[in-house]
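Worksheet: one structure, shown below.
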Amino acid sequence: MSERPKGELVIQTIAMPRDTNANGDIFGGWVTSQMDLGSGILAAKTAQARVVTAAMEGMSFLEPVRVGDTVSCYARVEKIGRTSMTIPVEVWVTRHMTGEERLVTHGVFTLVAVDESGKPIPVKRGSA
């Protein structure tokens, strides 16, 4: 993994107490949902269309996210197919109080461009 985030900042938020498990760590599902939102933002901008998540793969949780951490999702378009896009996402946190930046998880999302009825459509190219 890189020493610095790869991709563009697509979403940034603060981990709050309502998003914790019984041990006080942020739920992995909450982190995954932030990654899904961030990849969707980049995919919609790239395709200039409605997009849906088709797959998530390669999720690796490296460190916990803690209450008060600033959570930043970085994404990049790795591949554009006819109707789909492969988007790796990295999640970095800035630790509350110390300011230390840490890579906490990464994964790869596949999103598909769809029309109003949900049927796949070709991704517009060269428009992002």
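Order determines the names: the first chain of the structure tokens is A, the second B, and so forth; residues in each chain are numbered 1 upward, and ligands are numbered 1 upward as they are shown.
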
Using the chain letters and numbers from this document, which residues of range 13-118 of chain A does DSSP assign to strand (DSSP E or B), as a PyMOL selection string?
chain A and resi 13-14+20+25-26+50-61+66+70-75+79-80+84-94+101-114

Quick one: write out the picked residues with C-alpha atoms as a tab-separated table (two decimals), in the first residue's frame?
chain	number	residue	atom	x	y	z
A	13	THR	CA	-16.88	12.60	7.36
A	14	ILE	CA	-16.36	12.15	11.08
A	20	THR	CA	-19.88	1.93	16.99
A	25	ASP	CA	-14.91	0.70	17.39
A	26	ILE	CA	-16.71	1.91	14.28
A	50	ARG	CA	-27.27	6.79	-12.68
A	51	VAL	CA	-25.08	4.01	-11.32
A	52	VAL	CA	-25.60	0.98	-9.10
A	53	THR	CA	-23.13	-1.11	-7.15
A	54	ALA	CA	-22.76	-4.54	-8.74
A	55	ALA	CA	-19.93	-5.99	-6.64
A	56	MET	CA	-17.46	-5.39	-3.83
A	57	GLU	CA	-14.28	-7.41	-3.59
A	58	GLY	CA	-11.00	-7.51	-1.79
A	59	MET	CA	-12.08	-5.78	1.41
A	60	SER	CA	-9.22	-5.68	3.90
A	61	PHE	CA	-9.65	-4.02	7.28
A	66	ARG	CA	-12.37	5.19	16.22
A	70	THR	CA	-11.92	12.03	10.31
A	71	VAL	CA	-12.67	9.39	7.67
A	72	SER	CA	-11.59	10.14	4.09
A	73	CYS	CA	-12.40	7.93	1.09
A	74	TYR	CA	-10.18	8.17	-1.96
A	75	ALA	CA	-11.26	6.55	-5.22
A	79	LYS	CA	-11.06	0.28	-15.63
A	80	ILE	CA	-14.06	1.20	-17.75
A	84	SER	CA	-19.30	-1.02	-15.80
A	85	MET	CA	-16.46	0.68	-13.97
A	86	THR	CA	-13.91	-0.84	-11.58
A	87	ILE	CA	-13.12	1.59	-8.77
A	88	PRO	CA	-10.55	0.89	-6.05
A	89	VAL	CA	-11.28	2.79	-2.83
A	90	GLU	CA	-8.89	3.52	0.03
A	91	VAL	CA	-10.06	4.75	3.43
A	92	TRP	CA	-7.67	6.87	5.44
A	93	VAL	CA	-8.33	8.32	8.85
A	94	THR	CA	-6.90	11.31	10.60
A	101	GLU	CA	-2.98	9.72	9.20
A	102	ARG	CA	-3.50	5.99	8.75
A	103	LEU	CA	-4.73	3.73	5.94
A	104	VAL	CA	-7.46	1.65	7.60
A	105	THR	CA	-9.08	-0.28	4.75
A	106	HIS	CA	-9.27	-0.68	1.00
A	107	GLY	CA	-11.46	-2.53	-1.47
A	108	VAL	CA	-12.56	-2.66	-5.08
A	109	PHE	CA	-16.08	-1.73	-6.18
A	110	THR	CA	-17.73	-2.47	-9.52
A	111	LEU	CA	-20.48	-0.08	-10.52
A	112	VAL	CA	-22.78	-0.27	-13.53
A	113	ALA	CA	-24.36	2.64	-15.42
A	114	VAL	CA	-28.13	2.18	-15.73

Quick check for you: according to DSSP on this backbone, which residues of range 37-72 of chain A are classed as helix (DSSP H, G or I)? Reply as a short mmCIF file (atom, residue, chain, number, x, y, z; two decimals) with C-alpha atoms, in the first residue's frame.
data_model
loop_
_atom_site.label_atom_id
_atom_site.label_comp_id
_atom_site.auth_asym_id
_atom_site.auth_seq_id
_atom_site.Cartn_x
_atom_site.Cartn_y
_atom_site.Cartn_z
CA LEU A 37 -21.10 6.14 -1.43
CA GLY A 38 -17.70 7.47 -2.48
CA SER A 39 -17.29 5.01 -5.35
CA GLY A 40 -20.82 5.89 -6.49
CA ILE A 41 -20.00 9.60 -6.56
CA LEU A 42 -16.97 9.00 -8.80
CA ALA A 43 -18.79 6.46 -11.02
CA ALA A 44 -21.78 8.76 -11.58
CA LYS A 45 -19.47 11.66 -12.43
CA THR A 46 -17.52 9.45 -14.83
CA ALA A 47 -20.53 7.86 -16.55
#

Which one of A:Arg125, A:Ala49, A:His96, A:Asp115 sits closest to Arg82 in chain A if you count only C-alpha atoms?
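Once distances to Arg82 in chain A are computed over only C-alpha atoms, the minimum belongs to A:Arg125.
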
CA of Lys6 in chain A and CA of Thr98 in chain A are how many Å apart?
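These atoms are spaced 22.6 Å apart.
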
Point-to-point distance in Å for CA of Gln48 in chain A and CA of Pro120 in chain A:
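CA of Pro120 in chain A sits 13.3 Å away from CA of Gln48 in chain A.
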
Do you have the CA of Arg4 in chain A-CA of Gly24 in chain A distance handy?
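Answer for the CA of Arg4 in chain A to CA of Gly24 in chain A separation: 27.0 Å.
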